[in-house]
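Text of the file final.cif, holding mmCIF, C-alpha atoms and all ligand atoms:
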data_run
loop_
_atom_site.label_atom_id
_atom_site.label_comp_id
_atom_site.auth_asym_id
_atom_site.auth_seq_id
_atom_site.Cartn_x
_atom_site.Cartn_y
_atom_site.Cartn_z
CA HIS F 1 -2.92 -28.85 -21.16
CA ALA F 2 0.62 -27.37 -21.13
CA ASP F 3 1.13 -29.36 -24.21
CA ASP F 4 -0.92 -27.08 -26.50
CA ASN F 5 1.41 -24.13 -26.16
CA PRO F 6 5.10 -24.68 -26.87
CA HIS F 7 5.97 -21.36 -25.15
CA GLU F 8 4.51 -22.09 -21.72
CA ARG F 9 7.24 -22.15 -19.09
CA GLY F 10 6.98 -23.21 -15.48
CA PRO F 11 4.14 -24.73 -13.45
CA ASP F 12 0.52 -23.60 -13.46
CA PRO F 13 0.34 -20.18 -11.81
CA THR F 14 -1.57 -19.30 -8.67
CA GLU F 15 -2.34 -16.00 -6.98
CA SER F 16 0.58 -16.64 -4.62
CA SER F 17 3.01 -17.68 -7.35
CA VAL F 18 2.57 -14.42 -9.28
CA GLU F 19 2.88 -12.39 -6.08
CA ALA F 20 5.90 -14.26 -4.71
CA PRO F 21 9.27 -12.50 -4.40
CA ARG F 22 10.74 -15.23 -6.62
CA GLY F 23 9.29 -17.61 -9.18
CA HIS F 24 9.98 -21.21 -10.12
CA PHE F 25 13.32 -20.75 -11.90
CA ASP F 26 16.79 -20.26 -10.48
CA VAL F 27 18.40 -17.17 -11.97
CA ASP F 28 21.92 -16.29 -12.95
CA GLU F 29 23.16 -12.90 -14.07
CA GLU F 30 25.76 -11.51 -16.38
CA SER F 31 27.11 -8.02 -16.74
CA VAL F 32 27.32 -6.33 -20.16
CA SER F 33 29.99 -3.68 -20.65
CA GLY F 34 29.05 -0.08 -21.30
CA LEU F 35 31.36 -0.20 -24.31
CA VAL F 36 28.73 -1.96 -26.45
CA SER F 37 27.20 0.26 -29.11
CA GLY F 38 23.60 1.45 -29.17
CA PHE F 39 23.00 1.58 -25.42
CA GLY F 40 24.97 1.80 -22.19
CA GLY F 41 25.42 -1.83 -21.19
CA GLY F 42 23.56 -3.44 -18.32
CA THR F 43 22.80 -6.71 -16.59
CA ILE F 44 21.19 -9.81 -18.08
CA TYR F 45 19.19 -11.98 -15.67
CA TYR F 46 18.31 -15.42 -17.05
CA PRO F 47 16.82 -18.70 -15.87
CA THR F 48 19.53 -21.35 -15.51
CA ASP F 49 17.18 -24.17 -16.55
CA THR F 50 17.28 -25.01 -20.26
CA SER F 51 15.17 -28.19 -20.06
CA GLU F 52 11.96 -26.52 -21.27
CA GLY F 53 13.59 -24.68 -24.20
CA ASP F 54 14.29 -21.01 -24.75
CA PHE F 55 12.61 -18.00 -23.15
CA GLY F 56 11.00 -14.75 -24.15
CA ALA F 57 13.01 -11.65 -23.29
CA VAL F 58 12.35 -8.16 -21.99
CA ALA F 59 14.61 -5.11 -22.02
CA VAL F 60 14.08 -2.58 -19.21
CA ALA F 61 15.14 1.09 -19.34
CA PRO F 62 15.57 3.45 -16.37
CA GLY F 63 14.30 7.01 -16.03
CA TYR F 64 15.93 10.42 -16.41
CA THR F 65 19.21 10.74 -14.41
CA ALA F 66 18.84 7.12 -13.21
CA THR F 67 20.90 3.99 -13.88
CA GLU F 68 19.97 0.35 -14.28
CA SER F 69 20.24 -0.12 -10.52
CA SER F 70 16.95 1.75 -10.20
CA MET F 71 15.24 -1.15 -12.01
CA SER F 72 17.38 -4.05 -10.84
CA TRP F 73 14.69 -5.50 -8.57
CA LEU F 74 12.74 -6.48 -11.70
CA GLY F 75 15.65 -8.58 -13.04
CA PRO F 76 15.45 -11.62 -10.76
CA ARG F 77 11.76 -11.06 -10.04
CA LEU F 78 10.78 -11.49 -13.71
CA ALA F 79 13.59 -13.85 -14.75
CA SER F 80 12.66 -16.33 -12.01
CA GLN F 81 9.22 -16.60 -13.64
CA GLY F 82 10.79 -17.65 -16.96
CA PHE F 83 12.08 -14.66 -18.93
CA VAL F 84 15.47 -13.34 -19.94
CA VAL F 85 15.53 -9.82 -18.49
CA PHE F 86 17.98 -7.13 -19.57
CA THR F 87 18.10 -4.05 -17.33
CA ILE F 88 20.07 -1.46 -19.26
CA ASP F 89 21.95 1.73 -18.74
CA THR F 90 21.37 4.41 -21.31
CA ASN F 91 24.26 6.08 -23.16
CA THR F 92 23.85 9.10 -20.92
CA THR F 93 21.52 9.50 -17.96
CA VAL F 94 19.90 12.53 -19.60
CA ASP F 95 18.87 10.81 -22.85
CA GLN F 96 15.33 11.70 -23.92
CA PRO F 97 12.48 9.18 -24.26
CA ASN F 98 12.78 8.48 -28.00
CA SER F 99 16.49 7.81 -27.57
CA ARG F 100 15.70 5.47 -24.70
CA GLY F 101 13.29 3.66 -27.05
CA ARG F 102 16.00 3.17 -29.68
CA GLN F 103 18.35 1.95 -26.98
CA LEU F 104 15.80 -0.60 -25.79
CA GLU F 105 15.61 -1.89 -29.36
CA SER F 106 19.42 -2.04 -29.60
CA ALA F 107 19.55 -3.92 -26.32
CA LEU F 108 17.09 -6.52 -27.62
CA ASP F 109 19.14 -6.86 -30.82
CA TYR F 110 22.26 -7.37 -28.71
CA LEU F 111 20.49 -9.96 -26.57
CA VAL F 112 19.35 -11.96 -29.61
CA GLU F 113 22.46 -11.60 -31.79
CA ASP F 114 25.57 -10.92 -29.71
CA SER F 115 25.08 -11.79 -26.04
CA ASP F 116 26.25 -14.85 -24.15
CA VAL F 117 22.64 -15.99 -23.79
CA THR F 118 21.56 -15.93 -27.46
CA ASP F 119 20.62 -19.61 -27.35
CA ARG F 120 18.37 -19.04 -24.33
CA VAL F 121 16.43 -16.24 -26.03
CA ASP F 122 13.58 -16.62 -28.52
CA GLY F 123 14.08 -13.69 -30.91
CA ASP F 124 10.40 -13.76 -31.84
CA ARG F 125 9.21 -13.22 -28.26
CA LEU F 126 10.50 -9.82 -27.18
CA ALA F 127 9.11 -7.11 -24.93
CA VAL F 128 10.03 -3.70 -23.54
CA MET F 129 9.55 -2.00 -20.19
CA GLY F 130 10.83 1.16 -18.62
CA HIS F 131 10.41 3.77 -15.92
CA SER F 132 9.46 7.39 -16.55
CA MET F 133 11.41 8.59 -19.62
CA GLY F 134 12.26 4.90 -20.00
CA GLY F 135 8.50 4.30 -20.02
CA GLY F 136 8.16 6.96 -22.71
CA GLY F 137 10.90 5.08 -24.55
CA THR F 138 8.95 1.87 -24.07
CA LEU F 139 6.00 3.39 -25.94
CA ALA F 140 8.35 4.77 -28.62
CA ALA F 141 9.95 1.35 -29.13
CA ALA F 142 6.52 -0.30 -29.33
CA GLU F 143 5.41 2.25 -31.93
CA ASP F 144 8.60 1.72 -33.93
CA ARG F 145 8.67 -2.06 -33.72
CA PRO F 146 5.18 -3.58 -34.05
CA GLU F 147 6.60 -7.11 -33.96
CA LEU F 148 7.27 -6.73 -30.23
CA GLU F 149 4.93 -8.90 -28.18
CA ALA F 150 4.38 -6.67 -25.15
CA ALA F 151 5.15 -3.23 -23.74
CA ILE F 152 4.85 -1.98 -20.14
CA PRO F 153 5.56 1.71 -19.44
CA LEU F 154 5.89 2.29 -15.68
CA THR F 155 4.90 5.81 -14.58
CA GLY F 156 5.89 6.75 -18.13
CA TRP F 157 6.86 10.27 -19.17
CA HIS F 158 6.70 11.57 -22.75
CA THR F 159 5.74 14.81 -24.50
CA GLN F 160 3.99 12.70 -27.16
CA LYS F 161 0.45 11.93 -26.04
CA ASP F 162 -0.92 10.18 -29.15
CA TRP F 163 0.07 6.52 -29.28
CA SER F 164 -2.66 5.45 -31.68
CA GLY F 165 -0.01 3.92 -33.95
CA VAL F 166 0.99 1.29 -31.41
CA GLN F 167 0.05 -2.28 -32.31
CA VAL F 168 1.86 -4.01 -29.44
CA PRO F 169 -0.20 -5.25 -26.45
CA THR F 170 0.50 -2.59 -23.83
CA MET F 171 -0.08 -2.36 -20.09
CA VAL F 172 0.22 1.26 -18.92
CA VAL F 173 1.10 1.57 -15.23
CA GLY F 174 0.46 4.93 -13.56
CA ALA F 175 0.76 6.12 -9.95
CA GLU F 176 -2.07 8.05 -8.30
CA ARG F 177 0.16 10.60 -6.57
CA ASP F 178 2.76 11.03 -9.31
CA SER F 179 3.57 14.75 -9.51
CA ILE F 180 6.38 14.33 -12.10
CA ALA F 181 4.44 12.31 -14.71
CA SER F 182 0.91 12.90 -13.47
CA VAL F 183 -1.57 10.31 -14.66
CA THR F 184 -3.83 13.03 -16.05
CA THR F 185 -1.12 14.31 -18.42
CA HIS F 186 0.80 11.07 -19.04
CA SER F 187 -0.42 7.53 -18.31
CA GLU F 188 -4.14 8.15 -18.77
CA PRO F 189 -3.87 9.93 -22.14
CA PHE F 190 -1.27 7.36 -23.23
CA TYR F 191 -3.69 4.54 -22.46
CA GLU F 192 -6.69 6.26 -24.00
CA SER F 193 -4.80 7.06 -27.21
CA LEU F 194 -3.86 3.43 -27.80
CA PRO F 195 -6.23 1.76 -30.28
CA GLY F 196 -9.49 0.52 -28.75
CA SER F 197 -9.02 -2.73 -30.65
CA LEU F 198 -5.65 -3.35 -28.99
CA ASP F 199 -5.07 -5.67 -26.06
CA LYS F 200 -4.30 -2.96 -23.51
CA ALA F 201 -4.69 -2.26 -19.82
CA TYR F 202 -4.32 0.70 -17.49
CA LEU F 203 -3.22 -0.01 -13.93
CA GLU F 204 -3.10 2.90 -11.48
CA LEU F 205 -1.22 2.25 -8.25
CA ASP F 206 -3.15 3.48 -5.22
CA GLY F 207 -1.44 6.28 -3.30
CA ALA F 208 1.86 5.70 -5.09
CA ASN F 209 4.31 8.32 -6.36
CA HIS F 210 6.55 8.61 -9.42
CA PHE F 211 9.26 6.44 -7.92
CA ALA F 212 7.12 3.43 -6.97
CA PRO F 213 8.63 1.39 -9.86
CA ASN F 214 12.12 1.85 -8.37
CA MET F 215 11.59 -0.56 -5.49
CA SER F 216 10.12 -4.01 -5.09
CA ASN F 217 6.41 -3.67 -5.76
CA THR F 218 4.20 -6.74 -5.73
CA THR F 219 1.39 -5.13 -7.72
CA ILE F 220 3.76 -4.08 -10.50
CA ALA F 221 5.38 -7.52 -10.46
CA LYS F 222 2.12 -9.49 -10.43
CA TYR F 223 0.56 -7.65 -13.36
CA SER F 224 3.80 -7.34 -15.34
CA ILE F 225 4.43 -11.08 -15.01
CA SER F 226 0.86 -11.79 -16.07
CA TRP F 227 1.03 -9.39 -19.03
CA LEU F 228 4.39 -10.76 -20.22
CA LYS F 229 3.26 -14.37 -19.80
CA ARG F 230 -0.03 -13.70 -21.59
CA PHE F 231 1.43 -11.83 -24.59
CA VAL F 232 5.10 -12.83 -24.87
CA ASP F 233 4.46 -16.52 -24.24
CA ASP F 234 0.79 -16.62 -25.31
CA ASP F 235 0.31 -18.32 -21.98
CA THR F 236 -3.43 -18.20 -21.38
CA ARG F 237 -2.96 -19.72 -17.91
CA TYR F 238 -2.27 -16.11 -16.84
CA GLU F 239 -5.43 -14.61 -18.34
CA GLN F 240 -7.13 -15.24 -14.96
CA PHE F 241 -5.08 -12.42 -13.39
CA LEU F 242 -6.00 -9.93 -16.13
CA CYS F 243 -9.59 -10.73 -17.16
CA PRO F 244 -12.01 -10.17 -15.58
CA PRO F 245 -10.05 -7.20 -14.22
CA PRO F 246 -8.97 -7.18 -10.56
CA ALA F 247 -11.99 -6.29 -8.44
CA PHE F 248 -11.12 -5.49 -4.84
CA ASP F 249 -7.42 -4.75 -4.51
CA SER F 250 -6.53 -1.97 -2.10
CA ASP F 251 -3.25 -1.39 -3.98
CA ILE F 252 -5.08 -0.54 -7.20
CA GLU F 253 -6.70 2.88 -7.54
CA GLU F 254 -8.11 2.16 -10.99
CA TYR F 255 -7.93 -0.49 -13.70
CA ARG F 256 -9.06 -0.19 -17.31
CA ASP F 257 -8.91 -2.95 -19.86
CA THR F 258 -10.06 -4.35 -23.19
CA CYS F 259 -10.96 -7.78 -21.80
CA PRO F 260 -11.27 -10.47 -22.93
CA HIS F 261 -7.94 -10.71 -24.71
O1 LIG X 1 12.44 9.88 -16.31
C1 LIG X 1 11.85 10.66 -15.56
O2 LIG X 1 11.83 10.57 -14.29
C2 LIG X 1 11.20 11.81 -16.28
C3 LIG X 1 10.62 12.82 -15.42
C4 LIG X 1 11.26 14.16 -15.58
O3 LIG X 1 12.07 14.56 -14.78
O4 LIG X 1 10.88 14.88 -16.65
C5 LIG X 1 11.12 16.28 -16.64
C6 LIG X 1 12.26 16.65 -17.50
ZN ZN X 2 -2.23 -25.86 -22.10
#
Full structure transcribed into structure tokens:
Amino acid sequence: HADDNPHERGPDPTESSVEAPRGHFDVDEESVSGLVSGFGGGTIYYPTDTSEGDFGAVAVAPGYTATESSMSWLGPRLASQGFVVFTIDTNTTVDQPNSRGRQLESALDYLVEDSDVTDRVDGDRLAVMGHSMGGGGTLAAAEDRPELEAAIPLTGWHTQKDWSGVQVPTMVVGAERDSIASVTTHSEPFYESLPGSLDKAYLELDGANHFAPNMSNTTIAKYSISWLKRFVDDDTRYEQFLCPPPAFDSDIEEYRDTCPH
């Protein structure tokens, strides 16, 4: 079967493989100086194996006042599943969401055109993620760049509530007890404003607060891996974790979707 899709990477997934602390691929990392233009530098995490071809890539932005270290757990966690992951610093830690979105786009451009891993990255298979104002930036980048393959705002924060212009498959992750970007004023309206015809999902973390995306979180990892695999790699082997939606998971307060994809 793996033969039908040239972008599939790694072995057939299982419930335990998408929940595991590390995936199939060994990962190396490389630091990018803050002197680059367009964003504040960061760390690139990439699979060392080149035998299956290149990989899709995802840029990850931190939240207000935070640095890339707040998102670093996602680097090896996602890269070991078969993605090039770029956790970035923003130019300043107080940059607003739309600026963070432009910086995510610049980081992807850097990854594809100027980095030391250009030959490992497929420039047609790019995605964005981010926490809080970085999540707001994730939505802004998706709106600005419809050719992106996936977007995942994590407890996203943005004053803009209407994202009906987004055409990029988007998984919105909210946290039930977030008092900084409450789901009722942020993640839920973000999700609902996305087009009904879009491949989209809303995942609300049970009992979690605004900073849940800043530490290892198996629910975030499992569904992010599945979303990226499904839409960046067109890897339908991962559809099983998204559709039908998760039924009885005590870590999920609520899940909304537009299944089947
Ligand atoms: O990135 C974030 O954590 C945004 C939340 C926030 O502090 O917004 C109020 C200015
Ligand atoms: Zn196949």
Which is closest to Glu19 of chain F among F:Ala140, F:Met129, F:Ala221, F:Cys259, if we use all atoms listed in the file?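 Among the listed residues, F:Ala221 lies closest to Glu19 of chain F.
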Output as CSV one row per residue of chain F within 6 Å of ligand LIG 1 (chain X): the closest atom pair and its distance in Å to one decimal place, counting all atoms listed in the file, sorted by chain and residue number ascending.
residue,atom,partner,partner_atom,distance
F:Gly63,CA,X:LIG1,O1,3.4
F:Tyr64,CA,X:LIG1,O1,3.5
F:Ser132,CA,X:LIG1,O1,3.9
F:Met133,CA,X:LIG1,O1,3.7
F:Trp157,CA,X:LIG1,C2,5.4
F:Ile180,CA,X:LIG1,C3,5.6
Closest of F:Ala142, F:Glu8, F:Phe86, F:Phe55 to ligand ZN 2 (chain X) - atom-to-atom distances counting all atoms listed in the file: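 Among F:Ala142, F:Glu8, F:Phe86, F:Phe55, it is F:Glu8 that comes nearest to ligand ZN 2 (chain X).
Checking F:Asp206, F:Glu147, F:Glu188, F:Asp235 one by one against Asn5 of chain F, counting only C-alpha atoms, you find the shortest gap at F:Asp235.
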Any chance you could tabulate, as JSON lines, the residues of segment 165-231 of chain F at most 12 Å from segment 116-126 of chain F with each one's nearest atom pair and distance in Å to one decimal, using only C-alpha atoms, in chain and rising number order?
{"residue": "F:Val168", "atom": "CA", "partner": "F:Leu126", "partner_atom": "CA", "distance": 10.7}
{"residue": "F:Pro169", "atom": "CA", "partner": "F:Leu126", "partner_atom": "CA", "distance": 11.7}
{"residue": "F:Leu228", "atom": "CA", "partner": "F:Leu126", "partner_atom": "CA", "distance": 9.3}
{"residue": "F:Lys229", "atom": "CA", "partner": "F:Arg125", "partner_atom": "CA", "distance": 10.4}
{"residue": "F:Arg230", "atom": "CA", "partner": "F:Arg125", "partner_atom": "CA", "distance": 11.4}
{"residue": "F:Phe231", "atom": "CA", "partner": "F:Arg125", "partner_atom": "CA", "distance": 8.7}
Selected residue of minimal separation from ligand ZN 2 (chain X) among F:Glu176, F:Asp4, F:Glu253, F:Glu30, counting only C-alpha atoms and all ligand atoms: F:Asp4
Using only C-alpha atoms and all ligand atoms, find each protein or nucleic acid residue lying at most 12 Å from ligand ZN 2 (chain X); present the set as an mmCIF file with C-alpha atoms, keeping the file's coordinate frame.
data_model
loop_
_atom_site.group_PDB
_atom_site.id
_atom_site.type_symbol
_atom_site.label_atom_id
_atom_site.label_comp_id
_atom_site.auth_asym_id
_atom_site.auth_seq_id
_atom_site.Cartn_x
_atom_site.Cartn_y
_atom_site.Cartn_z
ATOM 1 C CA HIS F 1 -2.920 -28.850 -21.160
ATOM 2 C CA ALA F 2 0.620 -27.370 -21.130
ATOM 3 C CA ASP F 3 1.130 -29.360 -24.210
ATOM 4 C CA ASP F 4 -0.920 -27.080 -26.500
ATOM 5 C CA ASN F 5 1.410 -24.130 -26.160
ATOM 6 C CA PRO F 6 5.100 -24.680 -26.870
ATOM 7 C CA HIS F 7 5.970 -21.360 -25.150
ATOM 8 C CA GLU F 8 4.510 -22.090 -21.720
ATOM 9 C CA ARG F 9 7.240 -22.150 -19.090
ATOM 10 C CA GLY F 10 6.980 -23.210 -15.480
ATOM 11 C CA PRO F 11 4.140 -24.730 -13.450
ATOM 12 C CA ASP F 12 0.520 -23.600 -13.460
ATOM 13 C CA ASP F 233 4.460 -16.520 -24.240
ATOM 14 C CA ASP F 234 0.790 -16.620 -25.310
ATOM 15 C CA ASP F 235 0.310 -18.320 -21.980
ATOM 16 C CA THR F 236 -3.430 -18.200 -21.380
ATOM 17 C CA ARG F 237 -2.960 -19.720 -17.910
ATOM 18 C CA TYR F 238 -2.270 -16.110 -16.840
#
